[in-house]
Amino acid sequence: AQKVTQAQTEISVVEKEDVTLDCVYETRDTTYYLFWYKQPPSGELVFLIRRNSFDEQNEISGRYSWNFQKSTSSFNFTITASQVVDSAVYFCALSETGSGNTGKLIFGQGTTLQVKP
Amino acid sequence: KAGVTQTPRYLIKTRGQQVTLSCSPISGHRSVSWYQQTPGQGLQFLFEYFSETQRNKGNFPGRFSGRQFSNSRSEMNVSTLELGDSALYLCASSFWGRANNEQFFGPGTRLTVL
């Protein structure tokens, strides 16, 4: 069955520290997509990145980087030199192409990141 | 262009009542999905509509229903409200509602059931 696990419920760091948010997924599909979303206190989920199951290339976008490892079914997210504005809840999500390929997102429980000044 | 809008933003109801939430997707997007967010269960998929047809449904009781109009706007309805229905209801839109589509989320409707 499909499942996304974010084992870290809450993480607290001091500004400028690096932090990694873990995400482990389960799926039987061979073609699937993984996402990271950020939810600031305002509540609206903001898209950060999408990876497909055939592309294990790591990606870097500014202070953000993502490490996708199919062998361990993980899609981890690292923030380098964290800032107070990074404080939010971060969600990892899975979307499968089976069962009609309708874009249903399966979310992890989320990791609350607090960056202290 | 304008993002996903949801109305109302906040709602207070009592047990047994029914409620209708509205979602206007980004212009041009034909797929609308609904999610329920609670502290205990997290973010859970409710249903997805594309071109006025429900294509997928999550594991929720029949009290939860929805529809989509020809202009892609969507509504969801919850009948016979229970205390456990208190949640943030999020709507998301995408062009085709496919697995690889980025979904754009609205600000949500915060429903409180007393």
# chains A, B, ... in the order shown; residues from 1 in each chain; ligands from 1
>>> interface_residues(of="chain B", to="chain A", cutoff="7 Å", atoms="only C-alpha atoms", output="MDAnalysis selection string")
chainID B and resid 42:43 45 55:56 97:101 105:108
>>> residues_around(residues="Glu75 in chain B", least_positions_apart="6", cutoff="8 Å", atoms="only C-alpha atoms", output="CSV table (one decimal) with all heavy atoms, in the first residue's frame")
chain,number,residue,atom,x,y,z
B,20,THR,N,-21.5,23.9,3.1
B,20,THR,CA,-21.0,23.9,1.8
B,20,THR,C,-19.8,24.8,1.6
B,20,THR,O,-19.8,26.0,2.1
B,20,THR,CB,-22.0,24.3,0.8
B,20,THR,OG1,-23.2,23.4,0.8
B,20,THR,CG2,-21.5,24.3,-0.7
B,21,LEU,N,-18.7,24.3,1.1
B,21,LEU,CA,-17.5,25.0,0.9
B,21,LEU,C,-17.2,25.2,-0.6
B,21,LEU,O,-17.5,24.3,-1.3
B,21,LEU,CB,-16.3,24.3,1.6
B,21,LEU,CG,-16.4,23.8,3.0
B,21,LEU,CD1,-15.1,23.1,3.5
B,21,LEU,CD2,-16.8,24.9,3.9
B,22,SER,N,-16.7,26.3,-0.9
B,22,SER,CA,-16.5,26.6,-2.3
B,22,SER,C,-15.0,26.8,-2.7
B,22,SER,O,-14.2,27.3,-1.9
B,22,SER,CB,-17.3,27.9,-2.7
B,22,SER,OG,-17.1,28.2,-4.0
B,23,CYS,N,-14.7,26.5,-3.9
B,23,CYS,CA,-13.3,26.6,-4.4
B,23,CYS,C,-13.3,27.0,-5.8
B,23,CYS,O,-13.9,26.4,-6.7
B,23,CYS,CB,-12.6,25.2,-4.3
B,23,CYS,SG,-10.9,25.1,-5.0
B,66,GLY,N,-19.2,16.2,-3.2
B,66,GLY,CA,-18.7,17.4,-3.9
B,66,GLY,C,-19.3,17.4,-5.3
B,66,GLY,O,-20.0,16.5,-5.7
B,67,ARG,N,-19.0,18.5,-5.9
B,67,ARG,CA,-19.3,18.6,-7.3
B,67,ARG,C,-18.5,19.6,-8.0
B,67,ARG,O,-17.8,20.5,-7.3
B,67,ARG,CB,-20.8,18.9,-7.5
B,67,ARG,CG,-21.2,20.2,-6.9
B,67,ARG,CD,-22.7,20.5,-7.1
B,67,ARG,NE,-23.2,21.7,-6.5
B,67,ARG,CZ,-24.4,22.2,-6.7
B,67,ARG,NH1,-25.2,21.7,-7.6
B,67,ARG,NH2,-24.8,23.3,-6.0
B,68,GLN,N,-18.5,19.6,-9.3
B,68,GLN,CA,-17.7,20.6,-10.1
B,68,GLN,C,-18.6,21.1,-11.2
B,68,GLN,O,-19.4,20.4,-11.8
B,68,GLN,CB,-16.4,20.0,-10.7
B,68,GLN,CG,-15.5,21.0,-11.3
B,68,GLN,CD,-14.3,20.4,-11.9
B,68,GLN,OE1,-14.3,19.3,-12.5
B,68,GLN,NE2,-13.2,21.1,-11.9
>>> closest_residue(among="B:Ser27, B:Ser65, B:Asn59, B:Thr5", to="Ser79 in chain B", atoms="only C-alpha atoms")
B:Ser65
>>> residues_around(residues="Thr27 in chain A", least_positions_apart="3", cutoff="7 Å", atoms="only C-alpha atoms", output="number ranges by chain")
A: 1-3
>>> residues_around(residues="Lys57 in chain B", least_positions_apart="3", cutoff="7 Å", atoms="only C-alpha atoms", output="list of chain:residue names")
B:Leu46, B:Phe47, B:Glu48
>>> residues_around(residues="range 90-93 of chain B", least_positions_apart="3", cutoff="7 Å", atoms="only C-alpha atoms", output="CSV table (one decimal) with N, CA, C and O atoms, in the first residue's frame")
chain,number,residue,atom,x,y,z
B,23,CYS,N,-14.7,26.5,-3.9
B,23,CYS,CA,-13.3,26.6,-4.4
B,23,CYS,C,-13.3,27.0,-5.8
B,23,CYS,O,-13.9,26.4,-6.7
B,25,PRO,N,-10.7,27.5,-8.9
B,25,PRO,CA,-9.3,27.1,-9.3
B,25,PRO,C,-8.7,28.2,-10.1
B,25,PRO,O,-9.3,29.2,-10.4
B,26,ILE,N,-7.4,28.0,-10.3
B,26,ILE,CA,-6.7,29.0,-11.2
B,26,ILE,C,-7.3,28.9,-12.6
B,26,ILE,O,-7.6,27.8,-13.0
B,29,HIS,N,-7.3,25.8,-15.2
B,29,HIS,CA,-7.1,24.5,-14.5
B,29,HIS,C,-8.5,23.8,-14.5
B,29,HIS,O,-9.5,24.4,-14.2
B,31,SER,N,-8.8,20.6,-13.1
B,31,SER,CA,-8.9,19.6,-12.0
B,31,SER,C,-8.9,20.3,-10.7
B,31,SER,O,-8.1,21.2,-10.4
B,32,VAL,N,-9.8,19.8,-9.8
B,32,VAL,CA,-9.8,20.3,-8.5
B,32,VAL,C,-9.8,19.2,-7.5
B,32,VAL,O,-10.6,18.2,-7.7
B,33,SER,N,-9.0,19.2,-6.5
B,33,SER,CA,-8.9,18.2,-5.5
B,33,SER,C,-9.2,18.8,-4.1
B,33,SER,O,-8.9,20.0,-3.9
B,34,TRP,N,-9.7,18.0,-3.2
B,34,TRP,CA,-10.0,18.5,-1.9
B,34,TRP,C,-9.3,17.6,-0.9
B,34,TRP,O,-9.2,16.4,-1.0
B,35,TYR,N,-8.8,18.3,0.2
B,35,TYR,CA,-8.1,17.6,1.2
B,35,TYR,C,-8.6,18.1,2.6
B,35,TYR,O,-8.9,19.3,2.7
B,36,GLN,N,-8.6,17.2,3.5
B,36,GLN,CA,-8.9,17.6,4.9
B,36,GLN,C,-7.6,17.5,5.7
B,36,GLN,O,-6.9,16.5,5.7
B,103,GLN,N,0.2,20.7,-8.0
B,103,GLN,CA,-1.1,21.2,-7.5
B,103,GLN,C,-0.9,22.5,-6.8
B,103,GLN,O,0.0,22.6,-5.9
B,104,PHE,N,-1.7,23.4,-7.1
B,104,PHE,CA,-1.7,24.7,-6.4
B,104,PHE,C,-2.8,24.8,-5.4
B,104,PHE,O,-4.0,24.5,-5.7
B,105,PHE,N,-2.4,25.1,-4.2
B,105,PHE,CA,-3.4,25.1,-3.1
B,105,PHE,C,-4.0,26.4,-2.7
B,105,PHE,O,-3.3,27.5,-2.8
B,106,GLY,N,-5.2,26.4,-2.3
B,106,GLY,CA,-5.8,27.6,-1.8
B,106,GLY,C,-5.5,27.8,-0.3
B,106,GLY,O,-4.8,26.9,0.3
B,107,PRO,N,-6.0,28.9,0.3
B,107,PRO,CA,-5.7,29.2,1.7
B,107,PRO,C,-6.5,28.3,2.7
B,107,PRO,O,-6.1,28.3,3.9
B,108,GLY,N,-7.5,27.6,2.2
B,108,GLY,CA,-8.2,26.7,3.1
B,108,GLY,C,-9.5,27.4,3.7
B,108,GLY,O,-9.6,28.6,3.8
B,109,THR,N,-10.4,26.5,4.1
B,109,THR,CA,-11.5,26.9,4.9
B,109,THR,C,-11.4,26.2,6.3
B,109,THR,O,-11.3,25.0,6.3
>>> atom_distance(atom1="CA of Phe64 in chain B", atom2="CA of Ser51 in chain B")
19.5 Å
>>> closest_residue(among="B:Gln37, B:Val4, B:Ser70, B:Gly28", to="Thr53 in chain B", atoms="only C-alpha atoms")
B:Ser70
>>> closest_residue(among="A:Thr72, A:Thr80, A:Gln8, A:Thr30", to="Leu113 in chain A", atoms="only C-alpha atoms")
A:Gln8
>>> atom_distance(atom1="CA of Gln69 in chain A", atom2="CA of Val14 in chain A")
27.8 Å
>>> select_by_dssp(residues="range 7-84 of chain A", states="strand (DSSP E)", output="NGL selection string")
:A and (10-14 or 19-21 or 24-26 or 32-39 or 46-52 or 59-61 or 64-69 or 74-79)
>>> select_by_dssp(residues="chain A", states="helix (DSSP H, G or I)", output="list in words")
Lys70, Ser71, Thr72, Val84, Val85 and Asp86 of chain A
>>> closest_atom_pairs(of="range 63-115 of chain A", to="range 15-18 of chain A", cutoff="8 Å", atoms="only C-alpha atoms", output="tab-separated table")
residue	atom	partner	partner_atom	distance
A:Thr78	CA	A:Asp18	CA	7.1
A:Ile79	CA	A:Asp18	CA	5.7
A:Thr80	CA	A:Asp18	CA	4.4
A:Ala81	CA	A:Lys16	CA	3.8
A:Ser82	CA	A:Lys16	CA	4.7
A:Gln83	CA	A:Glu15	CA	5.2
A:Val84	CA	A:Glu15	CA	6.4
A:Val115	CA	A:Glu15	CA	5.7
